[in-house]
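Here's entry-v4.cif, which has mmCIF, C-alpha atoms; chains and numbers go by the auth columns:
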data_query
loop_
_atom_site.group_PDB
_atom_site.id
_atom_site.type_symbol
_atom_site.label_atom_id
_atom_site.label_comp_id
_atom_site.label_asym_id
_atom_site.label_seq_id
_atom_site.Cartn_x
_atom_site.Cartn_y
_atom_site.Cartn_z
_atom_site.B_iso_or_equiv
_atom_site.auth_seq_id
_atom_site.auth_asym_id
ATOM 1 C CA MET A 1 25.669 4.874 -8.649 0.00 1 A
ATOM 2 C CA ALA A 2 22.697 6.886 -9.828 0.00 2 A
ATOM 3 C CA VAL A 3 21.372 6.114 -13.278 0.00 3 A
ATOM 4 C CA PRO A 4 21.174 9.312 -15.331 0.00 4 A
ATOM 5 C CA THR A 5 17.598 10.148 -16.218 0.00 5 A
ATOM 6 C CA PRO A 6 16.384 12.731 -18.655 0.00 6 A
ATOM 7 C CA SER A 7 15.594 15.917 -16.805 0.00 7 A
ATOM 8 C CA ALA A 8 12.141 17.393 -16.913 0.00 8 A
ATOM 9 C CA SER A 9 11.513 20.512 -18.890 0.00 9 A
ATOM 10 C CA PRO A 10 11.413 23.716 -16.850 0.00 10 A
ATOM 11 C CA LEU A 11 7.876 23.841 -18.219 0.00 11 A
ATOM 12 C CA PHE A 12 7.035 20.697 -16.235 0.00 12 A
ATOM 13 C CA LEU A 13 3.297 21.185 -16.561 0.00 13 A
ATOM 14 C CA ARG A 14 3.295 20.661 -20.305 0.00 14 A
ATOM 15 C CA GLU A 15 1.060 17.833 -21.438 0.00 15 A
ATOM 16 C CA SER A 16 4.019 15.688 -22.494 0.00 16 A
ATOM 17 C CA GLU A 17 5.621 16.071 -19.048 0.00 17 A
ATOM 18 C CA VAL A 18 2.409 15.177 -17.213 0.00 18 A
ATOM 19 C CA ARG A 19 1.814 12.197 -19.495 0.00 19 A
ATOM 20 C CA ARG A 20 5.376 10.991 -18.897 0.00 20 A
ATOM 21 C CA GLY A 21 4.797 11.174 -15.137 0.00 21 A
ATOM 22 C CA MET A 22 1.537 9.253 -15.467 0.00 22 A
ATOM 23 C CA GLU A 23 3.245 6.550 -17.520 0.00 23 A
ATOM 24 C CA LEU A 24 6.088 6.217 -15.048 0.00 24 A
ATOM 25 C CA LEU A 25 3.655 5.957 -12.125 0.00 25 A
ATOM 26 C CA TYR A 26 1.611 3.319 -13.928 0.00 26 A
ATOM 27 C CA PHE A 27 4.494 1.159 -15.121 0.00 27 A
ATOM 28 C CA GLY A 28 6.531 1.612 -11.942 0.00 28 A
ATOM 29 C CA TYR A 29 3.626 0.504 -9.753 0.00 29 A
ATOM 30 C CA SER A 30 2.769 -2.332 -12.119 0.00 30 A
ATOM 31 C CA HIS A 31 6.294 -3.743 -12.000 0.00 31 A
ATOM 32 C CA LEU A 32 6.626 -3.125 -8.275 0.00 32 A
ATOM 33 C CA THR A 33 3.535 -5.191 -7.475 0.00 33 A
ATOM 34 C CA ARG A 34 3.920 -7.893 -10.114 0.00 34 A
ATOM 35 C CA THR A 35 5.989 -10.250 -7.953 0.00 35 A
ATOM 36 C CA ALA A 36 3.616 -9.883 -5.026 0.00 36 A
ATOM 37 C CA ASP A 37 0.649 -10.405 -7.354 0.00 37 A
ATOM 38 C CA SER A 38 1.988 -13.786 -8.494 0.00 38 A
ATOM 39 C CA ARG A 39 2.623 -14.898 -4.904 0.00 39 A
ATOM 40 C CA LEU A 40 -0.890 -13.833 -3.929 0.00 40 A
ATOM 41 C CA ALA A 41 -2.430 -15.560 -6.964 0.00 41 A
ATOM 42 C CA GLU A 42 -0.849 -18.854 -5.854 0.00 42 A
ATOM 43 C CA ARG A 43 -3.073 -18.550 -2.767 0.00 43 A
ATOM 44 C CA GLY A 44 -6.144 -17.340 -4.652 0.00 44 A
ATOM 45 C CA LEU A 45 -5.681 -13.801 -3.323 0.00 45 A
ATOM 46 C CA GLY A 46 -5.299 -10.455 -5.059 0.00 46 A
ATOM 47 C CA ARG A 47 -4.197 -6.850 -4.548 0.00 47 A
ATOM 48 C CA ALA A 48 -7.127 -5.942 -2.315 0.00 48 A
ATOM 49 C CA HIS A 49 -6.074 -8.735 0.042 0.00 49 A
ATOM 50 C CA HIS A 50 -2.495 -7.479 -0.065 0.00 50 A
ATOM 51 C CA ARG A 51 -3.530 -3.918 0.752 0.00 51 A
ATOM 52 C CA ALA A 52 -5.601 -5.109 3.702 0.00 52 A
ATOM 53 C CA LEU A 53 -2.732 -7.247 5.014 0.00 53 A
ATOM 54 C CA TYR A 54 -0.323 -4.343 4.610 0.00 54 A
ATOM 55 C CA PHE A 55 -2.389 -1.802 6.535 0.00 55 A
ATOM 56 C CA ILE A 56 -3.377 -4.269 9.252 0.00 56 A
ATOM 57 C CA ALA A 57 0.344 -5.033 9.674 0.00 57 A
ATOM 58 C CA ARG A 58 1.100 -1.293 9.910 0.00 58 A
ATOM 59 C CA GLN A 59 -1.590 -0.699 12.532 0.00 59 A
ATOM 60 C CA PRO A 60 -2.475 -3.745 14.634 0.00 60 A
ATOM 61 C CA ASP A 61 -5.985 -3.397 16.094 0.00 61 A
ATOM 62 C CA LEU A 62 -7.040 -1.235 13.171 0.00 62 A
ATOM 63 C CA THR A 63 -10.824 -1.043 13.067 0.00 63 A
ATOM 64 C CA VAL A 64 -12.806 -2.174 10.058 0.00 64 A
ATOM 65 C CA THR A 65 -14.032 1.415 9.673 0.00 65 A
ATOM 66 C CA GLN A 66 -10.465 2.755 9.655 0.00 66 A
ATOM 67 C CA LEU A 67 -9.449 0.155 7.076 0.00 67 A
ATOM 68 C CA LEU A 68 -12.438 1.122 4.917 0.00 68 A
ATOM 69 C CA GLY A 69 -11.223 4.711 5.001 0.00 69 A
ATOM 70 C CA LEU A 70 -7.653 3.795 4.080 0.00 70 A
ATOM 71 C CA LEU A 71 -8.603 1.502 1.212 0.00 71 A
ATOM 72 C CA SER A 72 -11.484 3.607 -0.128 0.00 72 A
ATOM 73 C CA ILE A 73 -13.466 0.555 -1.163 0.00 73 A
ATOM 74 C CA THR A 74 -17.063 -0.426 -0.476 0.00 74 A
ATOM 75 C CA LYS A 75 -18.110 -2.240 2.685 0.00 75 A
ATOM 76 C CA GLN A 76 -19.198 -5.139 0.507 0.00 76 A
ATOM 77 C CA SER A 77 -15.778 -5.418 -1.168 0.00 77 A
ATOM 78 C CA LEU A 78 -13.962 -5.163 2.141 0.00 78 A
ATOM 79 C CA GLY A 79 -16.322 -7.741 3.630 0.00 79 A
ATOM 80 C CA ARG A 80 -15.315 -10.255 0.950 0.00 80 A
ATOM 81 C CA VAL A 81 -11.616 -9.520 1.487 0.00 81 A
ATOM 82 C CA LEU A 82 -11.857 -9.857 5.269 0.00 82 A
ATOM 83 C CA THR A 83 -13.872 -13.060 4.982 0.00 83 A
ATOM 84 C CA ASP A 84 -11.230 -14.561 2.678 0.00 84 A
ATOM 85 C CA LEU A 85 -8.405 -13.521 5.001 0.00 85 A
ATOM 86 C CA THR A 86 -10.208 -14.761 8.112 0.00 86 A
ATOM 87 C CA ASP A 87 -11.182 -18.094 6.514 0.00 87 A
ATOM 88 C CA ARG A 88 -7.540 -18.650 5.525 0.00 88 A
ATOM 89 C CA GLY A 89 -6.353 -17.875 9.039 0.00 89 A
ATOM 90 C CA LEU A 90 -4.387 -14.793 7.969 0.00 90 A
ATOM 91 C CA ILE A 91 -6.185 -12.256 10.157 0.00 91 A
ATOM 92 C CA GLU A 92 -7.956 -12.273 13.486 0.00 92 A
ATOM 93 C CA MET A 93 -10.950 -10.117 14.285 0.00 93 A
ATOM 94 C CA ARG A 94 -12.052 -9.276 17.809 0.00 94 A
ATOM 95 C CA PRO A 95 -14.499 -6.846 19.379 0.00 95 A
ATOM 96 C CA GLY A 96 -13.289 -3.496 20.681 0.00 96 A
ATOM 97 C CA GLU A 97 -12.629 -3.140 24.407 0.00 97 A
ATOM 98 C CA ARG A 98 -14.734 0.001 24.918 0.00 98 A
ATOM 99 C CA ASP A 99 -17.185 -0.492 22.064 0.00 99 A
ATOM 100 C CA ARG A 100 -18.024 -4.162 21.578 0.00 100 A
ATOM 101 C CA ARG A 101 -19.569 -3.379 18.166 0.00 101 A
ATOM 102 C CA GLN A 102 -16.175 -2.295 16.911 0.00 102 A
ATOM 103 C CA ARG A 103 -14.190 -4.980 15.090 0.00 103 A
ATOM 104 C CA LEU A 104 -10.426 -4.814 15.604 0.00 104 A
ATOM 105 C CA LEU A 105 -8.154 -6.434 13.040 0.00 105 A
ATOM 106 C CA ARG A 106 -4.804 -8.082 13.645 0.00 106 A
ATOM 107 C CA LEU A 107 -2.618 -10.393 11.580 0.00 107 A
ATOM 108 C CA SER A 108 -2.244 -13.990 12.709 0.00 108 A
ATOM 109 C CA ASP A 109 1.218 -15.552 12.738 0.00 109 A
ATOM 110 C CA SER A 110 0.694 -16.891 9.212 0.00 110 A
ATOM 111 C CA GLY A 111 -0.689 -13.515 8.107 0.00 111 A
ATOM 112 C CA ARG A 112 2.408 -11.774 9.497 0.00 112 A
ATOM 113 C CA ALA A 113 4.647 -14.244 7.679 0.00 113 A
ATOM 114 C CA LEU A 114 2.839 -13.709 4.351 0.00 114 A
ATOM 115 C CA GLU A 115 2.758 -9.919 4.672 0.00 115 A
ATOM 116 C CA SER A 116 6.424 -9.852 5.664 0.00 116 A
ATOM 117 C CA ASP A 117 7.372 -11.997 2.658 0.00 117 A
ATOM 118 C CA LEU A 118 5.391 -9.781 0.272 0.00 118 A
ATOM 119 C CA PHE A 119 6.839 -6.633 1.840 0.00 119 A
ATOM 120 C CA GLU A 120 10.394 -7.914 1.567 0.00 120 A
ATOM 121 C CA GLN A 121 10.043 -8.512 -2.176 0.00 121 A
ATOM 122 C CA ILE A 122 8.750 -4.978 -2.702 0.00 122 A
ATOM 123 C CA ARG A 123 11.258 -3.467 -0.259 0.00 123 A
ATOM 124 C CA VAL A 124 14.178 -4.822 -2.270 0.00 124 A
ATOM 125 C CA GLN A 125 12.804 -3.405 -5.533 0.00 125 A
ATOM 126 C CA LEU A 126 11.978 -0.030 -4.022 0.00 126 A
ATOM 127 C CA ALA A 127 15.301 0.241 -2.156 0.00 127 A
ATOM 128 C CA ASP A 128 17.176 -0.445 -5.401 0.00 128 A
ATOM 129 C CA ALA A 129 15.146 2.206 -7.223 0.00 129 A
ATOM 130 C CA TYR A 130 15.768 4.729 -4.408 0.00 130 A
ATOM 131 C CA LYS A 131 19.488 3.929 -4.429 0.00 131 A
ATOM 132 C CA ASN A 132 19.713 4.360 -8.208 0.00 132 A
ATOM 133 C CA ALA A 133 17.791 7.654 -8.106 0.00 133 A
ATOM 134 C CA GLY A 134 19.993 9.102 -5.373 0.00 134 A
ATOM 135 C CA HIS A 135 19.042 10.310 -1.927 0.00 135 A
ATOM 136 C CA ASN A 136 18.019 13.783 -3.141 0.00 136 A
ATOM 137 C CA ALA A 137 15.417 12.273 -5.466 0.00 137 A
ATOM 138 C CA VAL A 138 13.645 10.334 -2.708 0.00 138 A
ATOM 139 C CA GLY A 139 12.300 13.404 -0.892 0.00 139 A
ATOM 140 C CA GLY A 140 11.119 14.914 -4.169 0.00 140 A
ATOM 141 C CA PHE A 141 9.387 11.677 -5.126 0.00 141 A
ATOM 142 C CA TRP A 142 7.621 11.547 -1.762 0.00 142 A
ATOM 143 C CA ALA A 143 6.614 15.210 -2.078 0.00 143 A
ATOM 144 C CA VAL A 144 5.054 14.571 -5.499 0.00 144 A
ATOM 145 C CA LEU A 145 3.142 11.529 -4.220 0.00 145 A
ATOM 146 C CA GLU A 146 1.965 13.419 -1.117 0.00 146 A
ATOM 147 C CA GLY A 147 0.829 16.210 -3.418 0.00 147 A
ATOM 148 C CA LEU A 148 -1.456 13.738 -5.197 0.00 148 A
ATOM 149 C CA ILE A 149 -3.307 12.993 -1.950 0.00 149 A
ATOM 150 C CA PRO A 150 -6.230 15.362 -1.311 0.00 150 A
ATOM 151 C CA GLU A 151 -5.554 17.785 1.550 0.00 151 A
ATOM 152 C CA GLY A 152 -8.344 16.311 3.670 0.00 152 A
ATOM 153 C CA GLU A 153 -6.815 12.828 3.536 0.00 153 A
ATOM 154 C CA ARG A 154 -3.149 13.716 4.105 0.00 154 A
ATOM 155 C CA ALA A 155 -3.293 13.594 7.901 0.00 155 A
ATOM 156 C CA ARG A 156 -4.510 10.000 7.820 0.00 156 A
ATOM 157 C CA VAL A 157 -1.765 8.996 5.383 0.00 157 A
ATOM 158 C CA LEU A 158 0.964 10.915 7.202 0.00 158 A
ATOM 159 C CA GLY A 159 -0.206 9.241 10.429 0.00 159 A
ATOM 160 C CA LEU A 160 1.127 5.952 9.055 0.00 160 A
ATOM 161 C CA ARG A 161 4.750 7.155 9.296 0.00 161 A
ATOM 162 C CA ASP A 162 7.028 5.297 11.669 0.00 162 A
#
Can you present the structure in this file as structure tokens?
Amino acid sequence: MAVPTPSASPLFLRESEVRRGMELLYFGYSHLTRTADSRLAERGLGRAHHRALYFIARQPDLTVTQLLGLLSITKQSLGRVLTDLTDRGLIEMRPGERDRRQRLLRLSDSGRALESDLFEQIRVQLADAYKNAGHNAVGGFWAVLEGLIPEGERARVLGLRD
């Protein structure tokens, strides 16, 4: 059963409407990731590690350069994250087949188990929110989020679809 939510003003670009959307994005994301954050903290890991695990799981043999583009972080920051994940046996890195300088990333068995556990916690929360909002709201929510992604980056993001 969908939970009734206050409808937006037909003047949805008013400051109060935009601020409400910003607040909901902030608090929704914060609560969505909180459980995963605590599980990661138990291992001495953080959100950057989680993001790397997530995208490597989505695209096995992702290159370091591709991951840099997806995460939009510095090489130095990604280097620390990948070192942590490699040292803990959560990812494997191997050279590319055609270009040996390329570094291809893949989750290890323990990395797959951790990423799957973290994903499942978030999946349950997100599925409940989708169910409560109703199926018509899901497409609108996705459209708003896609609209926040700059045009030049949308193809890369949309390429992650199953």
> Could you name the residues that touch stretch 46-57 of chain A at 12 Å or less, counting all atoms listed in the file, but leaving out those on the same chain fewer than 6 positions away, as a PyMOL selection string?
Replying inline: chain A and resi 29-30+33-40+63-64+66-74+77-86+88-93+104-120+122+157+159-161
Please dump the current selection as a PDB file, in the coordinates of the input; keep C-alpha atoms.
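Now in result_3.pdb:
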ATOM      1  CA  TYR A  29       3.626   0.504  -9.753  1.00  0.00           C
ATOM      2  CA  SER A  30       2.769  -2.332 -12.119  1.00  0.00           C
ATOM      3  CA  THR A  33       3.535  -5.191  -7.475  1.00  0.00           C
ATOM      4  CA  ARG A  34       3.920  -7.893 -10.114  1.00  0.00           C
ATOM      5  CA  THR A  35       5.989 -10.250  -7.953  1.00  0.00           C
ATOM      6  CA  ALA A  36       3.616  -9.883  -5.026  1.00  0.00           C
ATOM      7  CA  ASP A  37       0.649 -10.405  -7.354  1.00  0.00           C
ATOM      8  CA  SER A  38       1.988 -13.786  -8.494  1.00  0.00           C
ATOM      9  CA  ARG A  39       2.623 -14.898  -4.904  1.00  0.00           C
ATOM     10  CA  LEU A  40      -0.890 -13.833  -3.929  1.00  0.00           C
ATOM     11  CA  THR A  63     -10.824  -1.043  13.067  1.00  0.00           C
ATOM     12  CA  VAL A  64     -12.806  -2.174  10.058  1.00  0.00           C
ATOM     13  CA  GLN A  66     -10.465   2.755   9.655  1.00  0.00           C
ATOM     14  CA  LEU A  67      -9.449   0.155   7.076  1.00  0.00           C
ATOM     15  CA  LEU A  68     -12.438   1.122   4.917  1.00  0.00           C
ATOM     16  CA  GLY A  69     -11.223   4.711   5.001  1.00  0.00           C
ATOM     17  CA  LEU A  70      -7.653   3.795   4.080  1.00  0.00           C
ATOM     18  CA  LEU A  71      -8.603   1.502   1.212  1.00  0.00           C
ATOM     19  CA  SER A  72     -11.484   3.607  -0.128  1.00  0.00           C
ATOM     20  CA  ILE A  73     -13.466   0.555  -1.163  1.00  0.00           C
ATOM     21  CA  THR A  74     -17.063  -0.426  -0.476  1.00  0.00           C
ATOM     22  CA  SER A  77     -15.778  -5.418  -1.168  1.00  0.00           C
ATOM     23  CA  LEU A  78     -13.962  -5.163   2.141  1.00  0.00           C
ATOM     24  CA  GLY A  79     -16.322  -7.741   3.630  1.00  0.00           C
ATOM     25  CA  ARG A  80     -15.315 -10.255   0.950  1.00  0.00           C
ATOM     26  CA  VAL A  81     -11.616  -9.520   1.487  1.00  0.00           C
ATOM     27  CA  LEU A  82     -11.857  -9.857   5.269  1.00  0.00           C
ATOM     28  CA  THR A  83     -13.872 -13.060   4.982  1.00  0.00           C
ATOM     29  CA  ASP A  84     -11.230 -14.561   2.678  1.00  0.00           C
ATOM     30  CA  LEU A  85      -8.405 -13.521   5.001  1.00  0.00           C
ATOM     31  CA  THR A  86     -10.208 -14.761   8.112  1.00  0.00           C
ATOM     32  CA  ARG A  88      -7.540 -18.650   5.525  1.00  0.00           C
ATOM     33  CA  GLY A  89      -6.353 -17.875   9.039  1.00  0.00           C
ATOM     34  CA  LEU A  90      -4.387 -14.793   7.969  1.00  0.00           C
ATOM     35  CA  ILE A  91      -6.185 -12.256  10.157  1.00  0.00           C
ATOM     36  CA  GLU A  92      -7.956 -12.273  13.486  1.00  0.00           C
ATOM     37  CA  MET A  93     -10.950 -10.117  14.285  1.00  0.00           C
ATOM     38  CA  LEU A 104     -10.426  -4.814  15.604  1.00  0.00           C
ATOM     39  CA  LEU A 105      -8.154  -6.434  13.040  1.00  0.00           C
ATOM     40  CA  ARG A 106      -4.804  -8.082  13.645  1.00  0.00           C
ATOM     41  CA  LEU A 107      -2.618 -10.393  11.580  1.00  0.00           C
ATOM     42  CA  SER A 108      -2.244 -13.990  12.709  1.00  0.00           C
ATOM     43  CA  ASP A 109       1.218 -15.552  12.738  1.00  0.00           C
ATOM     44  CA  SER A 110       0.694 -16.891   9.212  1.00  0.00           C
ATOM     45  CA  GLY A 111      -0.689 -13.515   8.107  1.00  0.00           C
ATOM     46  CA  ARG A 112       2.408 -11.774   9.497  1.00  0.00           C
ATOM     47  CA  ALA A 113       4.647 -14.244   7.679  1.00  0.00           C
ATOM     48  CA  LEU A 114       2.839 -13.709   4.351  1.00  0.00           C
ATOM     49  CA  GLU A 115       2.758  -9.919   4.672  1.00  0.00           C
ATOM     50  CA  SER A 116       6.424  -9.852   5.664  1.00  0.00           C
ATOM     51  CA  ASP A 117       7.372 -11.997   2.658  1.00  0.00           C
ATOM     52  CA  LEU A 118       5.391  -9.781   0.272  1.00  0.00           C
ATOM     53  CA  PHE A 119       6.839  -6.633   1.840  1.00  0.00           C
ATOM     54  CA  GLU A 120      10.394  -7.914   1.567  1.00  0.00           C
ATOM     55  CA  ILE A 122       8.750  -4.978  -2.702  1.00  0.00           C
ATOM     56  CA  VAL A 157      -1.765   8.996   5.383  1.00  0.00           C
ATOM     57  CA  GLY A 159      -0.206   9.241  10.429  1.00  0.00           C
ATOM     58  CA  LEU A 160       1.127   5.952   9.055  1.00  0.00           C
ATOM     59  CA  ARG A 161       4.750   7.155   9.296  1.00  0.00           C
TER      60      ARG A 161
END
>> Could you tell me how far atom CA of A:Leu32 sits from atom CA of A:Gly134, in Å to one decimal place?
In response: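 Interatomic distance, atom CA of A:Gly134 to atom CA of A:Leu32: 18.3 Å.
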Just need the box for stretch 32-44 of chain A, edges along x, y and z, holding every atom the file lists for it with 8 Å tacked onto each side, so centre and edge lengths in Å to one decimal, as AutoDock Vina command-line options.
--center_x 0.2 --center_y -11.0 --center_z -6.4 --size_x 28.8 --size_y 31.7 --size_z 23.3
> If you measure from atom CA of A:Trp142 to atom CA of A:Leu45, what distance in Å do you get, rounded to one decimal?
Replying inline: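 Taking atom CA of A:Trp142 as the start and atom CA of A:Leu45 as the end point, the length is 28.7 Å.
Here atom CA of A:Glu146 is placed at a distance of 18.8 Å from atom CA of A:Ala127.
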>> Using all atoms listed in the file, can you tell me which of A:Leu13, A:Leu158, A:Leu62, A:Leu25 comes closest to A:Phe141?
In response: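 When distances to A:Phe141 are compared using all atoms listed in the file, the smallest one comes from A:Leu25.
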